[in-house]
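Trainee: Sending over my_file_16.cif (mmCIF, C-alpha atoms).
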data_my_file
#
loop_
_atom_site.label_atom_id
_atom_site.label_comp_id
_atom_site.auth_asym_id
_atom_site.auth_seq_id
_atom_site.Cartn_x
_atom_site.Cartn_y
_atom_site.Cartn_z
CA MET A 1395 -14.39 60.63 24.23
CA SER A 1396 -11.13 61.69 22.69
CA THR A 1397 -10.85 63.55 19.43
CA ALA A 1398 -9.15 60.61 17.78
CA SER A 1399 -12.00 58.29 18.64
CA ARG A 1400 -14.53 60.90 17.50
CA PHE A 1401 -12.64 61.24 14.26
CA ARG A 1402 -12.72 57.48 13.76
CA LEU A 1403 -16.42 57.42 14.57
CA HIS A 1404 -17.17 60.18 12.07
CA ALA A 1405 -14.97 58.49 9.44
CA LEU A 1406 -16.48 55.05 10.00
CA LEU A 1407 -20.10 56.19 10.09
CA PRO A 1408 -20.34 57.15 6.36
CA LEU A 1409 -18.36 54.05 5.47
CA MET A 1410 -20.74 51.81 7.41
CA THR A 1411 -23.77 53.55 5.93
CA SER A 1412 -22.39 53.01 2.44
CA LEU A 1413 -21.69 49.35 3.13
CA LEU A 1414 -25.18 48.79 4.52
CA ALA A 1415 -26.72 50.52 1.51
CA LEU A 1416 -24.67 48.40 -0.88
CA GLY A 1417 -25.52 45.28 1.08
CA ALA A 1418 -29.21 45.97 0.63
CA CYS A 1419 -28.71 46.10 -3.14
CA THR A 1420 -27.23 42.64 -3.25
CA HIS A 1421 -30.37 40.88 -2.06
CA ALA A 1422 -32.03 39.10 -4.94
CA GLN A 1423 -35.46 40.20 -5.91
CA PRO A 1424 -38.16 37.62 -5.46
CA PRO A 1425 -38.98 35.74 -8.65
CA ALA A 1426 -41.78 37.06 -10.77
CA PRO A 1427 -45.07 35.27 -10.23
CA PRO A 1428 -45.85 32.68 -12.87
CA LEU A 1429 -47.98 33.76 -15.78
CA PRO A 1430 -51.45 32.33 -15.97
CA PRO A 1431 -51.71 29.45 -18.42
CA LEU A 1432 -52.77 30.36 -21.91
CA LYS A 1433 -56.23 29.24 -22.77
CA ALA A 1434 -56.18 26.84 -25.67
CA THR A 1435 -58.01 28.41 -28.52
CA VAL A 1436 -60.09 26.02 -30.54
CA ALA A 1437 -60.20 26.79 -34.21
CA ALA A 1438 -63.75 27.13 -35.41
CA LEU A 1439 -64.96 24.61 -37.94
CA THR A 1440 -66.50 25.93 -41.11
CA PRO A 1441 -69.47 24.16 -42.72
CA ALA A 1442 -67.00 22.68 -45.25
CA ASP A 1443 -64.86 21.37 -42.37
CA ILE A 1444 -67.91 19.81 -40.74
CA ALA A 1445 -68.91 18.13 -44.01
CA PHE A 1446 -65.35 16.83 -44.36
CA VAL A 1447 -65.34 15.49 -40.81
CA GLN A 1448 -68.59 13.64 -41.44
CA GLN A 1449 -67.35 12.16 -44.73
CA LEU A 1450 -64.10 11.12 -43.11
CA ASN A 1451 -65.96 9.54 -40.21
CA THR A 1452 -68.10 7.50 -42.63
CA MET A 1453 -65.02 6.47 -44.60
CA ASN A 1454 -63.28 5.33 -41.41
CA ILE A 1455 -66.27 3.27 -40.29
CA VAL A 1456 -66.69 1.55 -43.66
CA GLN A 1457 -62.99 1.00 -44.25
CA SER A 1458 -62.56 -0.41 -40.76
CA ALA A 1459 -65.39 -2.89 -41.31
CA THR A 1460 -64.22 -3.93 -44.77
CA ALA A 1461 -60.62 -4.22 -43.56
CA ALA A 1462 -61.79 -6.57 -40.81
CA SER A 1463 -63.33 -8.75 -43.51
CA ALA A 1464 -60.13 -8.58 -45.54
CA LYS A 1465 -58.13 -9.95 -42.62
CA THR A 1466 -60.25 -13.10 -42.53
CA ASN A 1467 -61.77 -13.50 -46.02
CA ALA A 1468 -58.98 -12.47 -48.39
CA GLY A 1469 -57.52 -15.13 -50.65
CA ARG A 1470 -54.28 -13.19 -51.11
CA SER A 1471 -52.03 -12.79 -48.09
CA ASP A 1472 -51.01 -9.29 -49.19
CA LEU A 1473 -54.67 -8.18 -49.07
CA ALA A 1474 -55.08 -9.72 -45.63
CA THR A 1475 -52.00 -7.81 -44.45
CA LEU A 1476 -53.27 -4.64 -46.10
CA GLY A 1477 -56.60 -5.15 -44.33
CA ALA A 1478 -54.81 -5.33 -40.98
CA THR A 1479 -52.88 -2.16 -41.80
CA ILE A 1480 -56.02 -0.32 -42.89
CA ALA A 1481 -57.88 -1.42 -39.75
CA GLN A 1482 -55.06 -0.11 -37.57
CA ASP A 1483 -54.79 3.15 -39.53
CA THR A 1484 -58.53 3.87 -39.51
CA THR A 1485 -58.68 3.25 -35.76
CA ALA A 1486 -55.92 5.83 -35.24
CA GLN A 1487 -57.58 8.26 -37.68
CA GLN A 1488 -60.89 7.89 -35.90
CA ALA A 1489 -59.27 8.59 -32.53
CA THR A 1490 -57.63 11.73 -33.93
CA LEU A 1491 -60.87 12.83 -35.56
CA THR A 1492 -62.82 12.31 -32.34
CA LYS A 1493 -60.26 14.36 -30.43
CA LEU A 1494 -60.44 17.18 -32.99
CA VAL A 1495 -64.22 17.50 -32.88
CA ALA A 1496 -64.55 17.01 -29.11
CA PRO A 1497 -64.54 20.77 -28.32
CA HIS A 1498 -67.28 21.35 -30.89
CA THR A 1499 -70.91 20.33 -30.79
CA ILE A 1500 -70.50 17.66 -33.44
CA THR A 1501 -71.69 14.13 -32.83
CA LEU A 1502 -70.13 11.55 -35.06
CA PRO A 1503 -72.23 8.49 -35.94
CA THR A 1504 -70.75 5.11 -35.04
CA ALA A 1505 -72.57 3.03 -37.65
CA ALA A 1506 -72.22 3.03 -41.41
CA PRO A 1507 -75.02 4.49 -43.55
CA LYS A 1508 -77.39 1.98 -45.19
CA GLU A 1509 -75.82 2.18 -48.65
CA ASP A 1510 -72.37 1.50 -47.21
CA GLN A 1511 -73.69 -1.22 -44.92
CA SER A 1512 -74.75 -3.21 -47.98
CA VAL A 1513 -71.14 -3.11 -49.26
CA ILE A 1514 -69.88 -4.26 -45.85
CA ASN A 1515 -72.43 -7.11 -45.75
CA ARG A 1516 -71.63 -8.23 -49.30
CA LEU A 1517 -67.88 -8.34 -48.57
CA LYS A 1518 -68.50 -10.32 -45.38
CA THR A 1519 -70.12 -13.11 -47.39
CA LEU A 1520 -67.33 -13.42 -49.98
CA HIS A 1521 -64.13 -15.47 -49.60
CA GLY A 1522 -60.97 -16.10 -51.58
CA ALA A 1523 -60.59 -14.76 -55.11
CA ALA A 1524 -64.16 -13.43 -55.26
CA PHE A 1525 -63.51 -11.38 -52.11
CA ASP A 1526 -60.19 -10.16 -53.50
CA ARG A 1527 -61.78 -8.85 -56.71
CA GLN A 1528 -64.61 -7.07 -54.88
CA TYR A 1529 -62.32 -5.67 -52.17
CA ILE A 1530 -59.84 -4.29 -54.72
CA ARG A 1531 -62.75 -2.77 -56.67
CA TYR A 1532 -64.16 -1.26 -53.47
CA LEU A 1533 -60.79 0.19 -52.37
CA THR A 1534 -60.09 1.63 -55.80
CA ARG A 1535 -63.50 3.36 -55.88
CA GLU A 1536 -63.15 4.57 -52.30
CA ILE A 1537 -59.70 6.03 -52.90
CA ALA A 1538 -60.87 7.73 -56.09
CA ARG A 1539 -63.90 9.15 -54.24
CA MET A 1540 -61.96 10.39 -51.20
CA LYS A 1541 -58.91 11.87 -52.95
CA PRO A 1542 -60.73 15.00 -54.23
CA VAL A 1543 -62.41 15.44 -50.83
CA LEU A 1544 -59.04 15.30 -49.07
CA ASP A 1545 -57.40 17.60 -51.62
CA ALA A 1546 -60.21 20.15 -51.24
CA GLU A 1547 -59.82 20.10 -47.46
CA ILE A 1548 -56.05 20.56 -47.71
CA ILE A 1549 -56.48 23.57 -50.01
CA ALA A 1550 -59.50 25.28 -48.45
CA SER A 1551 -59.42 24.63 -44.71
CA SER A 1552 -57.92 27.05 -42.23
CA ASN A 1553 -57.96 24.40 -39.49
CA MET A 1554 -54.36 23.16 -39.51
CA ASP A 1555 -55.19 20.03 -37.52
CA LEU A 1556 -57.72 18.93 -40.13
CA VAL A 1557 -55.31 19.81 -42.94
CA LYS A 1558 -52.59 17.68 -41.32
CA LEU A 1559 -55.02 14.79 -40.88
CA ALA A 1560 -56.14 15.09 -44.51
CA LYS A 1561 -52.52 15.07 -45.72
CA ASP A 1562 -51.73 12.00 -43.60
CA ILE A 1563 -54.78 10.14 -44.91
CA ASN A 1564 -53.98 11.16 -48.48
CA THR A 1565 -50.50 9.67 -48.09
CA LYS A 1566 -51.90 6.45 -46.64
CA LEU A 1567 -54.51 6.09 -49.38
CA ALA A 1568 -51.77 6.48 -52.00
CA ALA A 1569 -49.80 3.73 -50.25
CA TYR A 1570 -52.87 1.46 -50.20
CA GLN A 1571 -53.45 2.07 -53.89
CA ALA A 1572 -49.85 1.21 -54.68
CA GLN A 1573 -50.20 -2.07 -52.76
CA ILE A 1574 -53.34 -3.24 -54.55
CA GLN A 1575 -51.95 -2.72 -58.03
#
Kindly present the structure from the file in structure tokens form.
Mentor:
Amino acid sequence: MSTASRFRLHALLPLMTSLLALGACTHAQPPAPPLPPLKATVAALTPADIAFVQQLNTMNIVQSATAASAKTNAGRSDLATLGATIAQDTTAQQATLTKLVAPHTITLPTAAPKEDQSVINRLKTLHGAAFDRQYIRYLTREIARMKPVLDAEIIASSNMDLVKLAKDINTKLAAYQAQIQ
């Protein structure tokens, strides 16, 4: 081997080593492994939250039943329409409520208590103007009874899902009250 070729070999060897080292740096690193999914934390329900859930469940059952009567027995068309709206709203509220209490060991009754069942039965037997008077009286009392319960839940609860539900229902009850006056 001649000295010129040795010189080229010695000159090219560090250059090739440098290029190979730089080439190794250009390879992308493999992507980081995906993080494990976060476990959904379920907010604990306080005794006040549980009492609210049970009251709201009862209200939904009774309002749904009375709204069904309003759709068929009301003398005023606006009350029949309001009954259809209330029936739809209480069905949605009940679905949300059921979803919220599903992770907890709370069983919600599906039938109205005896004292409320008598109101439902009485409204089922009335028609026309007599139904309208009783239904408006019932709704007015129910809204007045539930408003402080909803307000207390909004103020005191730390469960944001229940607070949001209470605010939504409060807004709807105010709309119902405006329609019956």
Trainee: Could you please determine the separation between atom CA of A:Ala1481 and atom CA of A:Met1554 in Å, to one decimal place?
Mentor: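 Computing it gives 24.8 Å between the two atoms.
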Trainee: Using all atoms listed in the file, can you tell me which of A:Asn1515, A:Thr1440, A:Thr1479, A:Thr1466 comes closest to A:His1498?
Mentor: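 Of A:Asn1515, A:Thr1440, A:Thr1479, A:Thr1466, the one nearest A:His1498 is A:Thr1440, counting all atoms listed in the file.
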Trainee: Env of A:Gln1575: 10 Å cut, atoms = only C-alpha atoms, seq-sep filter 5 positions within chain, self excluded. Answer as a ChimeraX atom specification.
Mentor: /A:1530,1534,1570
Trainee: Calculated over only C-alpha atoms, which of the candidates A:Pro1542, A:Gln1457, A:Glu1547, A:Pro1507 has the smallest distance to A:Ile1444?
Mentor: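 With only C-alpha atoms as the atom set, the closest residue is A:Glu1547.
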Trainee: Evaluating the PyMOL selection byres ((chain A and resi 1572) around 12) on the displayed file yields which residues, as a list of chain:residue names?
Mentor: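 With the shown file as input, the PyMOL selection byres ((chain A and resi 1572) around 12) matches A:Asp1472, A:Leu1473, A:Leu1476, A:Ile1530, A:Leu1533, A:Thr1534, A:Ile1537, A:Thr1565, A:Lys1566, A:Leu1567, A:Ala1568, A:Ala1569, A:Tyr1570, A:Gln1571, A:Gln1573, A:Ile1574, A:Gln1575.
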Trainee: Going by the chain IDs and residue numbers used in this file, which residues fall under the PyMOL selection byres ((chain A and resi 1482) around 12)? Write them as a list in words.
Mentor: Asn1454, Gln1457, Ser1458, Ala1459, Ala1461, Ala1462, Lys1465, Thr1475, Leu1476, Gly1477, Ala1478, Thr1479, Ile1480, Ala1481, Asp1483, Thr1484, Thr1485, Ala1486, Gln1487, Gln1488, Ala1489 and Lys1566 of chain A
Trainee: Quick check, in Å to one decimal: how far apart do atom CA of A:Val1543 and atom CA of A:Ala1560 lie?
Mentor: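 Interatomic distance here is 8.9 Å.
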Trainee: Between atom CA of A:Leu1502 and atom CA of A:Ala1464, what is the distance, to one decimal in Å?
Mentor: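 So the two atoms, atom CA of A:Leu1502 and atom CA of A:Ala1464, lie 24.8 Å apart.
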Trainee: Just say which residues the PyMOL selection byres ((chain A and resi 1451) around 8) picks in this file, as a ChimeraX atom specification.
Mentor: /A:1447-1450,1452-1455,1488,1491,1502-1503
Trainee: So which one's closest to A:Gly1522, A:Ala1438, A:Ala1474, A:Leu1494, A:Ala1426? Using all atoms listed in the file, please.
Mentor: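 Going through A:Ala1438, A:Ala1474, A:Leu1494, A:Ala1426 one by one, the smallest distance to A:Gly1522 is for A:Ala1474.
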Trainee: Counting only C-alpha atoms, which of A:Asp1526, A:Ala1442, A:Pro1408, A:Thr1460 gets nearest to A:Ala1550?
Mentor: A:Ala1442
Trainee: Write out as number ranges by chain each polymer residue whose atoms come within 12 Å of A:Asp1545, counting only C-alpha atoms; drop sequence neighbours fewer than 5 positions from it.
Mentor: A: 1446, 1537-1540, 1550-1551, 1556-1565
